[in-house]
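Notes to accompany the following structure.
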Amino acid sequence: MKPIKIATAQFEHRSGDKKYNLSMIKNIAAAAKADGADVIAFHECSVTGYTFARHLDRQQMLDLAEPIPSGASITALRETAAELDIVILAGLFEKDEADNLFKAYVCVDKNGLMAKYRKLHPFINPYLSKGDRYVVFELLGWKCGILICYDNNVIENVRATTLLGADIIFMPHVTMCTPSTRPGAGFVDPALWENRDADPTSLRQEFDGLKGRAWLMKWLPARAYDNAIYAVFSNPIGMDDDQLKNGCSMILDPFGDIVAECRKLDNDYAIALITPEKLRQAGGYRYRKARNPALYRDIIGQENVPEQKVVWMDKKEEER
């Protein structure tokens, strides 16, 4: 494997406005390419918008979703990838031939679709079906995986993707700045975003505190460290429907160290050089080699009825 440069991006998408969102993806990808990036990753549902989908009925979701790879958005992404000679990862809602709906994330290059992943734990809309498999694919000589948002909170998903051979895991999100049972969680006042140029300090305190980045730092470095993988985290910034998101898209190395991070209170990207030697030097690699599955195979594999609770959505329903 040769070193490659990966960029992770953040931008303020517009709900349901694919034309605008695709133009932002193209503009940011062009800037990252000029800065030396070979690959750029965008957030969950970066093409379609995300949180507004909780209000949509089935027909509205079908109207928003697209087939993959024949849909217009995949064509646009592929054309951008070819024009810029860069690999692009982005997310959107997918519909199949039977009109089943999925939360999808794709990787495209100048030749077309390289990989497609369907979120295993979707929740934003009741008509979404769950993905049923992990995805590991080759990208510029590297083995890569994809896990979308909530998927990364179920730690078995990250370990399973790693054991399937992934050295890099793309982790697109729309997260943070929502209520939860954890101390310090909550929404961030949209007025702070509107006033960010005059008062960046107040907004940064909210974005970097327990509502945002401080929570992320409790678990994201552990996913990279424990599995000795590169974690490419992408997240939007700005208003997502009626919620404010804090960005801080970042790349972590197999030591769990942040090697690139978006810090602007605006659309941004950050680039990291991904090198192979860290994959074997990191402690997580040695710990994986030391595993003894005979001890816990039956424990980890025991039956469980999946129960997925999203506190902020429950709170929204209570307020209605």
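Residue numbering restarts at 1 in every chain; chains get A, B, ... in the order shown in the structure tokens, and ligands count up from 1 in that same order.
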Using only C-alpha atoms, determine which residues lie at most 8 Å from region 225-236 of chain A, disregarding the query and same-chain residues fewer than 5 positions distant; provide the list as a ChimeraX atom specification.
-> /A:8-13,41-44,46,158-159,162,166-175,245-256,274,279-280,282-285,287-288
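Residues surrounding Ile68 (chain A) within 9 Å are A:Ser73, A:Ile74, A:Glu94, A:Lys95, A:Asp96, A:Ala104, A:Val106, A:Leu113, A:Lys116 [only C-alpha atoms; sequence separation below 4 positions excluded].
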Residues flagged strand (DSSP E) by DSSP in region 18-179 of chain A, as a ChimeraX atom specification | /A:39-41,87-95,101-109,112-118,136-139,142-146,168-172
Once you have the residues from the selection above, write them out as a short mmCIF file (atom, residue, chain, number, x, y, z; two decimals), in the first residue's frame, restricted to C-alpha atoms.
data_model
loop_
_atom_site.label_atom_id
_atom_site.label_comp_id
_atom_site.auth_asym_id
_atom_site.auth_seq_id
_atom_site.Cartn_x
_atom_site.Cartn_y
_atom_site.Cartn_z
CA VAL A 39 -10.10 11.06 -1.85
CA ILE A 40 -12.78 13.19 -0.19
CA ALA A 41 -15.56 12.03 2.14
CA VAL A 87 -12.55 9.71 -5.40
CA ILE A 88 -15.77 10.96 -3.76
CA LEU A 89 -17.82 9.43 -0.93
CA ALA A 90 -21.28 10.84 -0.22
CA GLY A 91 -24.68 9.82 1.15
CA LEU A 92 -28.29 9.80 -0.01
CA PHE A 93 -31.58 7.94 0.31
CA GLU A 94 -31.87 4.91 -1.98
CA LYS A 95 -34.83 3.01 -3.43
CA LEU A 101 -36.00 2.45 0.99
CA PHE A 102 -32.50 2.58 2.45
CA LYS A 103 -30.01 5.05 3.86
CA ALA A 104 -27.06 4.63 1.49
CA TYR A 105 -23.48 5.84 1.22
CA VAL A 106 -21.47 5.47 -1.97
CA CYS A 107 -17.91 5.66 -3.20
CA VAL A 108 -17.39 6.72 -6.81
CA ASP A 109 -14.42 7.43 -9.01
CA GLY A 112 -18.24 4.71 -11.76
CA LEU A 113 -19.55 3.17 -8.55
CA MET A 114 -16.82 1.54 -6.44
CA ALA A 115 -18.90 0.65 -3.37
CA LYS A 116 -22.37 1.05 -1.87
CA TYR A 117 -23.29 0.58 1.78
CA ARG A 118 -26.71 0.59 3.44
CA VAL A 136 -15.21 -3.83 2.48
CA PHE A 137 -13.74 -2.65 -0.81
CA GLU A 138 -10.41 -1.70 -2.36
CA LEU A 139 -9.55 1.96 -2.79
CA TRP A 142 -6.20 0.13 0.55
CA LYS A 143 -8.97 -1.98 2.07
CA CYS A 144 -11.81 0.28 3.21
CA GLY A 145 -15.11 -0.09 5.03
CA ILE A 146 -18.12 2.15 5.65
CA ILE A 168 -9.69 2.63 6.73
CA ILE A 169 -13.29 3.01 7.87
CA PHE A 170 -15.33 5.92 6.57
CA MET A 171 -17.75 7.09 9.27
CA PRO A 172 -20.24 9.61 7.81
#
When distances are computed from only C-alpha atoms, which of A:Arg204, A:Lys278, A:Arg286, A:His55 shows the smallest separation from Asp257 (chain A)?
->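 So, comparing all the options, the nearest one is A:Lys278.
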